[in-house]
Amino acid sequence: MGTNAKTTHTPYAITPAGSTERDNQNPPEPPPAPVADEPTTAEPGQLPVTPIPLTPDVGHAYGEPVLVGGADLLASTATLVSYHSADGPRSVLHARVGEDAEAKLLDALNISSEMVPTQVEQKVAGRLPVDEKHELAEKLITAAKSVNHHITKGNLTVGGKVPVSTAKKIAAAEAAFKTLAEEVGGDASPLEQSMVEDYASKLDAVRWAAAAAVTVDHVKPFLHEGTATVTVMVPLPPSDVMGSNTLAVLRDATRIKPNLDTSTGEASWDGTRATNVLGKEYAIDLGDGYQAVYRPYGINDPAKSEYSLRGRLEVIAPTGEGHGPELVRRLGQLNLAHRPMTRDEGEYTYLTANITAQSLDSNAGIAAAHVTGEHLEEMVRQEIFHERAHEAIGMTEPQLVRFAKDIQLEAHTRALPAKVQVLRDAVAKATGFADGAALAASPGYSPVPRRSAGWLTWTRFDVGNSLGKLTKAFGSQSLVHRTSFNGLKAMLATGVLASTERRTTMGIHQDVGTSESVDKLTGGASSVFLRVWPSNSAPSARRLLRRQRRYFRCGQPGQGRPVRCQVDQEPLQDREVHQFEQRGDVRRRHRPAR
């Protein structure tokens, strides 16, 4: 599909089934971030497919992908990103709302005419005043970056002389540390003493890195938790505000404006936003320091606004750690599903995706299974209503609305195991299996997604069950992506190949892709485009570059000449073919693309 497509691309990633050989070759994924406590008494099918991390790995530009129950979000997928900032981690939930779910989201909003400054008490992770006074953290960070920069350039080596500029920056950090320690003195509070010890350790690490000619880890300011009164811009409550609706104001569209450190691959965000965006958005106050930004489909005319921005949602937490689960729960204030996807729900979604991918929608047995599933859920809903009807006595209208939603959610959850079994049996018979059990036992059937950097990928079971044929058909082909020199730098800094829209959330500046501005208007900015070329006609390789389990064979950049990068040729079952961003349904999986 070319970049002029205005189809909403759904990010169902279908990759060949895993193999023992590949698993042995590739290093293990890093351990996941700490997650919120999950109930230990839940049935296996009710456990989350992707537990929600308390705090995603801070600075990881591509974030932590999670699955959210229901179908309100495209592919039921959201991404949690925690950016570095001087005030502590800034966590943001990025998602794209399905067009069918927009009406209920807008129902949750009480539209205001303007934004006003308001002072609120927030829990913050901040720096001590004496630290900010002497700018010790800034000087240490500058020194650490100088060490890493000169190591990368090759003029800081073991036994060699430390470059003058680096030595001056280390000396400035040493002087600031000495002044700070003297000012704190012997009467330092326990918190101030912890700060001095923390910075002493970081200063030693920078000195040692310079002497040993090794890169130094990202230096972070010393932070402490507390409460503070901060001024935030919130929608002015309209005079006719009713019920518990969330306040929002319509404004010109914006984008968050993070920055990517290409030497570390980490992203930071100070809260600023880019304003050169065509379209409109709602700025939403969720209370307690939480905010959301939503770009609606309805008022953003595709002919006059950035098509790829429509439906995109950000939920932004106050600075600090531990906000991951709450960011997901805050979706409920927008009338959207707001809980992790369960394993039963995950399998149902997986079956539905395979039905679409394999063009089974018109199969009579599958159509009947869908109808049976709806009848099962309605029966359960009626049972729950009769069980709990007495609870509705005396409820207000908003309480009755929440009560009805709770019954809907409980019915959906209770009916899912039976709905999964019915649909699995129908899909099995439509694809030549005896029953659902036989399909589930086949090697290609895998309803649990694999994590690949900031994305989740699933196995299309007909592909997984036909690897021999696919390997033979694709064995002499390569996937090729054309990029610029700056695009190559961004790929190597982050280890991923990402679309224009995704690069924006990662802090990668504009003018990396070949047609970014046009793609935003046509919808292509939500996609990454690869070509399938015979391996013997791929661009000549001069360098083999490896970064985070992804291999790129790249030609040398030239004056006015783009860099061509080829995914290194391996047997198909041993090569991870990544779904990097919303790229359409899986039938386009191996077609040549722009």
# chains A, B, ... in the order shown; residues from 1 in each chain; ligands from 1
$ residues_around --residues "region 298-303 of chain A" --least-positions-apart "3" --cutoff "7 Å" --atoms "only C-alpha atoms" --output "PyMOL selection string"
chain A and resi 279-280+306-307+310
$ write_last_selection --atoms "N, CA, C and O atoms" --output "compact mmCIF listing (two decimals), in the first residue's frame"
# COMPACT_ATOMS: atom_id res chain seq x y z
N GLY A 279 -4.95 20.92 12.32
CA GLY A 279 -6.05 20.18 12.90
C GLY A 279 -6.49 20.77 14.23
O GLY A 279 -5.99 21.81 14.67
N LYS A 280 -7.45 20.11 14.87
CA LYS A 280 -7.97 20.53 16.16
C LYS A 280 -7.85 19.37 17.15
O LYS A 280 -7.78 18.20 16.76
N GLU A 306 -4.24 17.00 9.29
CA GLU A 306 -3.29 15.89 9.18
C GLU A 306 -4.03 14.58 9.46
O GLU A 306 -4.42 14.29 10.59
N TYR A 307 -4.18 13.81 8.41
CA TYR A 307 -4.99 12.59 8.48
C TYR A 307 -4.46 11.61 9.52
O TYR A 307 -5.22 10.98 10.25
N ARG A 310 -5.64 11.88 13.32
CA ARG A 310 -7.03 11.67 13.74
C ARG A 310 -7.14 10.42 14.62
O ARG A 310 -6.62 9.37 14.31
$ select_by_dssp --residues "region 68-210 of chain A" --states "alpha helix (DSSP H)" --output "ChimeraX atom specification"
/A:102-107,129-134,136-153,164-184,190-210
$ closest_residue --among "A:Ala473, A:Ala357, A:Ala525, A:Val92" --to "Gly271 (chain A)" --atoms "only C-alpha atoms"
A:Val92
$ closest_residue --among "A:Leu73, A:Leu191, A:Ala171, A:Ala181" --to "Arg207 (chain A)" --atoms "only C-alpha atoms"
A:Ala171
$ select_by_dssp --residues "region 279-390 of chain A" --states "strand (DSSP E)" --output "MDAnalysis selection string"
chainID A and resid 280:287 290:294 312:316
$ closest_residue --among "A:Val512, A:Ala75, A:Ala103, A:Ile355" --to "Phe485 (chain A)" --atoms "only C-alpha atoms"
A:Val512
$ residues_around --residues "Ala143 (chain A)" --least-positions-apart "5" --cutoff "9 Å" --atoms "only C-alpha atoms" --output "ChimeraX atom specification"
/A:138,148,166-173,206
$ closest_residue --among "A:Ser85, A:Gln421, A:Ser359, A:Gln382" --to "Pro221 (chain A)" --atoms "only C-alpha atoms"
A:Ser85
$ closest_residue --among "A:Ala188, A:Ala490, A:Val293, A:Leu278" --to "Asn259 (chain A)" --atoms "only C-alpha atoms"
A:Ala490
$ closest_residue --among "A:Asp187, A:Asp344, A:Asp261, A:Glu266" --to "Pro417 (chain A)" --atoms "only C-alpha atoms"
A:Asp344
$ residues_around --residues "Gly311 (chain A)" --least-positions-apart "4" --cutoff "7 Å" --atoms "only C-alpha atoms" --output "PyMOL selection string"
chain A and resi 96-99+294-297
$ atom_distance --atom1 "CA of Val216 (chain A)" --atom2 "CA of Gly154 (chain A)"
15.0 Å
$ residues_around --residues "Leu93 (chain A)" --least-positions-apart "4" --cutoff "9 Å" --atoms "only C-alpha atoms" --output "ChimeraX atom specification"
/A:78-82,313-317,324,327-328
$ residues_around --residues "Ala430 (chain A)" --least-positions-apart "6" --cutoff "12 Å" --atoms "only C-alpha atoms" --output "list in words"
Asn354, Ile355, Gln358, Ser359, Leu360, Asp361, Ser362, Asn363, Ala364, Gly365, Ile366, Ala367, Ala368, Ala369, Leu423, Arg424, Gly436, Leu439 and Asp462 of chain A
$ atom_distance --atom1 "CA of Ser305 (chain A)" --atom2 "CA of Thr275 (chain A)"
13.3 Å
$ atom_distance --atom1 "CA of Glu183 (chain A)" --atom2 "CA of Trp208 (chain A)"
25.7 Å
$ residues_around --residues "Ile284 (chain A)" --least-positions-apart "3" --cutoff "10 Å" --atoms "only C-alpha atoms" --output "PyMOL selection string"
chain A and resi 109-112+234-235+246-250+281+287+290-294+314-315+334
